[in-house]
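*Asks:* My questions all concern the structure below.
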Amino acid sequence: MSNTIGVFDSGFGGLTVLHELLNSLSTHEGAVARYVFLGDTARLPYGSKSRRTIARYAAESARYLVEQQGADFLVIACNTASALALDAIQESVKVPVLGVITPGAAAARAASKTGDVLVIATDATVQSHAYTAACRAHGLRVIEKACPLLVPLVEEGWTHHPVTAEVIRIYINELLAHADDEGMQPDTLVLGCTHYPLIRGLIEKVVPAGVRVIDSAEATAAEVAQQFFDVKTSAVLKKVEAQLSVAPELAFFATDSVEKFERLGSRFLGHATGPVQLVDLGG
Ligand code: DGL
């Protein structure tokens with residue numbers, strides 16, 4: 001085992017999940033020797049594509065992280081790939097794979113008192129109804145809404161822009177009206193896309209008081225900590241104890257403009273990514 005966690009996203013939104021992994025797994029520092037992050041930026045957005053295409057892209061990306069980069073645990077830090085391609089990814093690699101939907105639904109269950117939950121996500125994620133299924137399994141009532149304009153606005157860097165604020169206001173008001181029509185009393189809003197934590201501040205300004213905004217990054221990181229260390233034998237843990245004071249190595253890969261990744265990535269990760277390497281996964 002190489003003690004390498006592979007983190008995959010269609011772009012760099014998944015760096016928000018890596019950020020949480022680095023925060024919450026730091027107590028186990030040394031046990032994770034290396035994080036390898038792949039952003040399939042050449043083929044982003046996944047959120048407007050079909051299940052078949054998303055599954056093909058995501059499986060190719062997963063195989064790259066396992067076969068070329070030695071990942072022995074995969075985190076699918078993309079809601080769209082988690083919603084539509086988790087099975088395809090699990091079939092294509094022989095390592096444990098964790099998506100963000102199940103931890104996100106568990107976080108919603110923990111947060112909601114009324115049992116009524118709202119989810120905003122990409123078109124593909126909403127059409128898959130993966131969040132509805134995962135939340136219903138916890139006994140929650142759910143309404144999902146596709147917000148296709150938000151990813152391009154975040155990609156544009158308009159994370160504090162009045163246009164983004166207005167677009168969010170329109171989406172959230174439509175969602176709240178729908179919830180009202182259904183007689184629901186939502187108290188939790190799940191950010192079902194890894195780009196949305198970047199506009200969390202604007203979203204929180206629009207949602208009514210009493211509605212808690214949550215994203216799955218934190219819950220996913222907690223689940224990774226549990227599952228990653230569960231799959232380790234004590235022998236492996238002993239082997240890595242020698243490295244306990246060593247911070248994990250970080251390596252970043254993208255399938256398109258590494259310059260853009262380096263420039264925008266720091267906003268998602270919270271610090272500079274350093275050099276990003278270009279990878280060709282085909283078309
Ligand atoms: N990373 C995707 C997600 O979390 C959003 C970007 C895309 O559409 O590819 O759903």
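Chain identifiers are assigned as A, B, and so on, following the order in which chains appear in the structure tokens; residues are numbered from 1 within each chain, and ligands are numbered from 1 in order of appearance.
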Please identify the strand (DSSP E or B) residues within segment 153-272 of chain A (assignment by DSSP from backbone atoms) and present them as a ChimeraX atom specification.

*Replies:* /A:188-192,212-215,249-254

*Asks:* Generate the output file for the selected residues, N, CA and C atoms, as a PDB file, in the first residue's frame.

*Replies:*
ATOM      1  N   THR A 188     -32.766  23.090   6.096  1.00  0.00           N
ATOM      2  CA  THR A 188     -31.409  22.723   5.690  1.00  0.00           C
ATOM      3  C   THR A 188     -31.284  22.847   4.180  1.00  0.00           C
ATOM      4  N   LEU A 189     -30.214  23.471   3.732  1.00  0.00           N
ATOM      5  CA  LEU A 189     -29.929  23.568   2.293  1.00  0.00           C
ATOM      6  C   LEU A 189     -28.581  22.917   2.036  1.00  0.00           C
ATOM      7  N   VAL A 190     -28.587  21.878   1.195  1.00  0.00           N
ATOM      8  CA  VAL A 190     -27.339  21.173   0.886  1.00  0.00           C
ATOM      9  C   VAL A 190     -26.728  21.762  -0.387  1.00  0.00           C
ATOM     10  N   LEU A 191     -25.457  22.124  -0.305  1.00  0.00           N
ATOM     11  CA  LEU A 191     -24.732  22.578  -1.494  1.00  0.00           C
ATOM     12  C   LEU A 191     -24.256  21.329  -2.233  1.00  0.00           C
ATOM     13  N   GLY A 192     -25.022  20.920  -3.247  1.00  0.00           N
ATOM     14  CA  GLY A 192     -24.766  19.652  -3.924  1.00  0.00           C
ATOM     15  C   GLY A 192     -23.839  19.771  -5.115  1.00  0.00           C
ATOM     16  N   ARG A 212     -30.195  26.197   7.543  1.00  0.00           N
ATOM     17  CA  ARG A 212     -28.750  25.997   7.686  1.00  0.00           C
ATOM     18  C   ARG A 212     -28.157  25.502   6.361  1.00  0.00           C
ATOM     19  N   VAL A 213     -27.072  26.144   5.957  1.00  0.00           N
ATOM     20  CA  VAL A 213     -26.415  25.752   4.701  1.00  0.00           C
ATOM     21  C   VAL A 213     -25.291  24.767   5.032  1.00  0.00           C
ATOM     22  N   ILE A 214     -25.310  23.619   4.355  1.00  0.00           N
ATOM     23  CA  ILE A 214     -24.238  22.653   4.612  1.00  0.00           C
ATOM     24  C   ILE A 214     -23.628  22.178   3.288  1.00  0.00           C
ATOM     25  N   ASP A 215     -22.361  21.815   3.336  1.00  0.00           N
ATOM     26  CA  ASP A 215     -21.788  21.168   2.157  1.00  0.00           C
ATOM     27  C   ASP A 215     -21.196  19.845   2.602  1.00  0.00           C
ATOM     28  N   GLU A 249       2.577  14.591   0.996  1.00  0.00           N
ATOM     29  CA  GLU A 249       2.967  15.216  -0.274  1.00  0.00           C
ATOM     30  C   GLU A 249       1.692  15.503  -1.070  1.00  0.00           C
ATOM     31  N   LEU A 250       1.663  16.618  -1.787  1.00  0.00           N
ATOM     32  CA  LEU A 250       0.502  16.956  -2.614  1.00  0.00           C
ATOM     33  C   LEU A 250       0.932  17.000  -4.070  1.00  0.00           C
ATOM     34  N   ALA A 251       0.170  16.359  -4.934  1.00  0.00           N
ATOM     35  CA  ALA A 251       0.470  16.435  -6.369  1.00  0.00           C
ATOM     36  C   ALA A 251      -0.824  16.728  -7.118  1.00  0.00           C
ATOM     37  N   PHE A 252      -0.754  17.663  -8.055  1.00  0.00           N
ATOM     38  CA  PHE A 252      -1.952  18.105  -8.771  1.00  0.00           C
ATOM     39  C   PHE A 252      -1.803  17.840 -10.260  1.00  0.00           C
ATOM     40  N   PHE A 253      -2.881  17.317 -10.855  1.00  0.00           N
ATOM     41  CA  PHE A 253      -2.900  17.008 -12.277  1.00  0.00           C
ATOM     42  C   PHE A 253      -4.181  17.574 -12.886  1.00  0.00           C
ATOM     43  N   ALA A 254      -4.078  18.079 -14.120  1.00  0.00           N
ATOM     44  CA  ALA A 254      -5.257  18.590 -14.814  1.00  0.00           C
ATOM     45  C   ALA A 254      -5.164  18.189 -16.276  1.00  0.00           C
TER      46      ALA A 254
END

*Asks:* From a DSSP calculation on the backbone, collect every residue of segment 46-283 of chain A in alpha helix (DSSP H) and output the set as a PyMOL selection string.

*Replies:* chain A and resi 51-63+79-92+101-111+123-128+130-136+150-155+162-181+200-206+216-230+234-241+258-269

*Asks:* May I have the residues from that selection written out with C-alpha atoms, as a compact mmCIF listing (two decimals), in the first residue's frame?

*Replies:*
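out06.txt, freshly written:
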# COMPACT_ATOMS: atom_id res chain seq x y z
CA ARG A 51 -24.77 9.59 -17.62
CA ARG A 52 -22.91 7.51 -20.22
CA THR A 53 -20.41 10.27 -21.00
CA ILE A 54 -19.91 11.22 -17.34
CA ALA A 55 -19.33 7.54 -16.47
CA ARG A 56 -16.72 7.15 -19.23
CA TYR A 57 -14.84 10.34 -18.28
CA ALA A 58 -14.96 9.59 -14.56
CA ALA A 59 -13.85 5.95 -14.94
CA GLU A 60 -10.88 7.01 -17.10
CA SER A 61 -9.90 9.61 -14.52
CA ALA A 62 -10.23 7.12 -11.66
CA ARG A 63 -8.06 4.58 -13.48
CA ASN A 79 -21.26 15.60 -6.91
CA THR A 80 -22.08 14.97 -10.57
CA ALA A 81 -19.62 12.07 -10.91
CA SER A 82 -20.71 10.70 -7.51
CA ALA A 83 -24.38 10.88 -8.53
CA LEU A 84 -24.05 9.34 -11.97
CA ALA A 85 -20.84 7.35 -12.13
CA LEU A 86 -20.05 5.83 -8.73
CA ASP A 87 -20.90 2.30 -9.94
CA ALA A 88 -18.87 2.73 -13.13
CA ILE A 89 -15.90 4.01 -11.13
CA GLN A 90 -16.14 1.17 -8.60
CA GLU A 91 -16.21 -1.36 -11.44
CA SER A 92 -13.16 0.17 -13.12
CA ILE A 101 -23.55 12.21 -1.95
CA THR A 102 -23.88 9.68 0.87
CA PRO A 103 -21.87 11.78 3.37
CA GLY A 104 -23.83 14.87 2.20
CA ALA A 105 -27.16 13.17 2.87
CA ALA A 106 -25.93 11.99 6.29
CA ALA A 107 -24.88 15.57 7.10
CA ALA A 108 -28.35 16.79 6.08
CA ARG A 109 -29.94 14.21 8.38
CA ALA A 110 -27.76 15.39 11.25
CA ALA A 111 -28.55 19.07 10.57
CA ASP A 123 -28.56 19.58 -13.99
CA ALA A 124 -27.16 16.06 -14.23
CA THR A 125 -27.03 15.59 -10.45
CA VAL A 126 -30.62 16.75 -10.04
CA GLN A 127 -31.88 14.60 -12.92
CA SER A 128 -30.22 11.54 -11.37
CA ALA A 130 -29.23 10.63 -6.25
CA TYR A 131 -29.67 13.15 -3.41
CA THR A 132 -33.39 12.41 -3.19
CA ALA A 133 -32.69 8.69 -2.89
CA ALA A 134 -29.88 9.17 -0.35
CA CYS A 135 -31.89 11.65 1.76
CA ARG A 136 -35.07 9.54 1.63
CA LEU A 150 -23.63 28.93 -10.90
CA VAL A 151 -20.63 26.83 -12.03
CA PRO A 152 -19.74 29.22 -14.91
CA LEU A 153 -20.08 32.23 -12.58
CA VAL A 154 -17.70 30.64 -10.05
CA GLU A 155 -15.32 29.65 -12.87
CA PRO A 162 -23.83 41.34 -7.77
CA VAL A 163 -24.87 39.33 -10.84
CA THR A 164 -24.06 36.08 -9.01
CA ALA A 165 -25.95 37.35 -5.95
CA GLU A 166 -29.01 38.06 -8.12
CA VAL A 167 -28.86 34.69 -9.87
CA ILE A 168 -28.67 32.95 -6.49
CA ARG A 169 -31.60 35.00 -5.20
CA ILE A 170 -33.77 33.92 -8.16
CA TYR A 171 -32.84 30.23 -7.82
CA ILE A 172 -33.35 30.14 -4.06
CA ASN A 173 -36.67 32.01 -4.20
CA GLU A 174 -37.96 29.55 -6.82
CA LEU A 175 -36.84 26.68 -4.65
CA LEU A 176 -38.47 28.13 -1.53
CA ALA A 177 -41.72 28.75 -3.43
CA HIS A 178 -41.71 25.13 -4.58
CA ALA A 179 -41.11 23.92 -1.01
CA ASP A 180 -43.97 26.14 0.16
CA ASP A 181 -46.30 24.67 -2.49
CA ARG A 200 -21.56 30.09 0.29
CA GLY A 201 -21.45 33.65 1.65
CA LEU A 202 -23.82 34.91 -1.06
CA ILE A 203 -26.12 31.91 -0.60
CA GLU A 204 -26.29 32.40 3.17
CA LYS A 205 -27.37 36.02 2.61
CA VAL A 206 -30.40 34.87 0.63
CA SER A 216 -20.62 17.59 1.98
CA ALA A 217 -16.88 18.30 2.09
CA GLU A 218 -16.62 18.13 5.88
CA ALA A 219 -18.81 15.02 6.17
CA THR A 220 -16.88 13.38 3.33
CA ALA A 221 -13.56 14.07 5.04
CA ALA A 222 -14.84 12.51 8.27
CA GLU A 223 -15.99 9.42 6.36
CA VAL A 224 -12.63 9.15 4.56
CA ALA A 225 -10.83 9.26 7.90
CA GLN A 226 -12.94 6.36 9.12
CA GLN A 227 -12.84 4.23 5.96
CA PHE A 228 -9.21 4.89 5.00
CA PHE A 229 -7.92 3.92 8.40
CA ASP A 230 -10.29 0.97 8.64
CA SER A 234 -2.00 -2.41 12.02
CA ALA A 235 1.21 -3.52 10.27
CA VAL A 236 0.77 -0.81 7.68
CA LEU A 237 0.01 1.76 10.34
CA LYS A 238 3.16 0.71 12.21
CA LYS A 239 5.16 1.13 9.03
CA VAL A 240 3.94 4.69 8.60
CA GLU A 241 4.35 5.63 12.26
CA VAL A 258 -2.49 24.09 -15.89
CA GLU A 259 -1.99 27.85 -15.75
CA LYS A 260 -5.72 28.41 -15.10
CA PHE A 261 -5.72 25.61 -12.52
CA GLU A 262 -2.77 27.16 -10.69
CA ARG A 263 -4.42 30.60 -10.82
CA LEU A 264 -7.93 29.60 -9.69
CA GLY A 265 -7.09 26.52 -7.65
CA SER A 266 -5.88 28.47 -4.64
CA ARG A 267 -9.37 29.97 -4.17
CA PHE A 268 -10.80 26.49 -3.71
CA LEU A 269 -7.91 24.97 -1.78

*Asks:* What does the structure give for the distance between atom CA of Phe37 of chain A and atom CA of Phe8 of chain A, in Å to one decimal?

*Replies:* 5.8 Å

*Asks:* Taking only C-alpha atoms and all ligand atoms into account, list the residues no farther than 8 Å from ligand 1, as a count of residues only.

*Replies:* 25

*Asks:* Nearest to Ala272 of chain A: which of A:Leu15, A:Gly6, A:Ser112, A:Asp256 is it, counting only C-alpha atoms?

*Replies:*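 Closest residue, counting only C-alpha atoms: A:Leu15.
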
*Asks:* Go through A:His19, A:Val117, A:Gly70, A:Asn3 and flag the residue nearest Lys94 of chain A, using only C-alpha atoms for the distances.

*Replies:*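 Nearest to Lys94 of chain A: A:Gly70.
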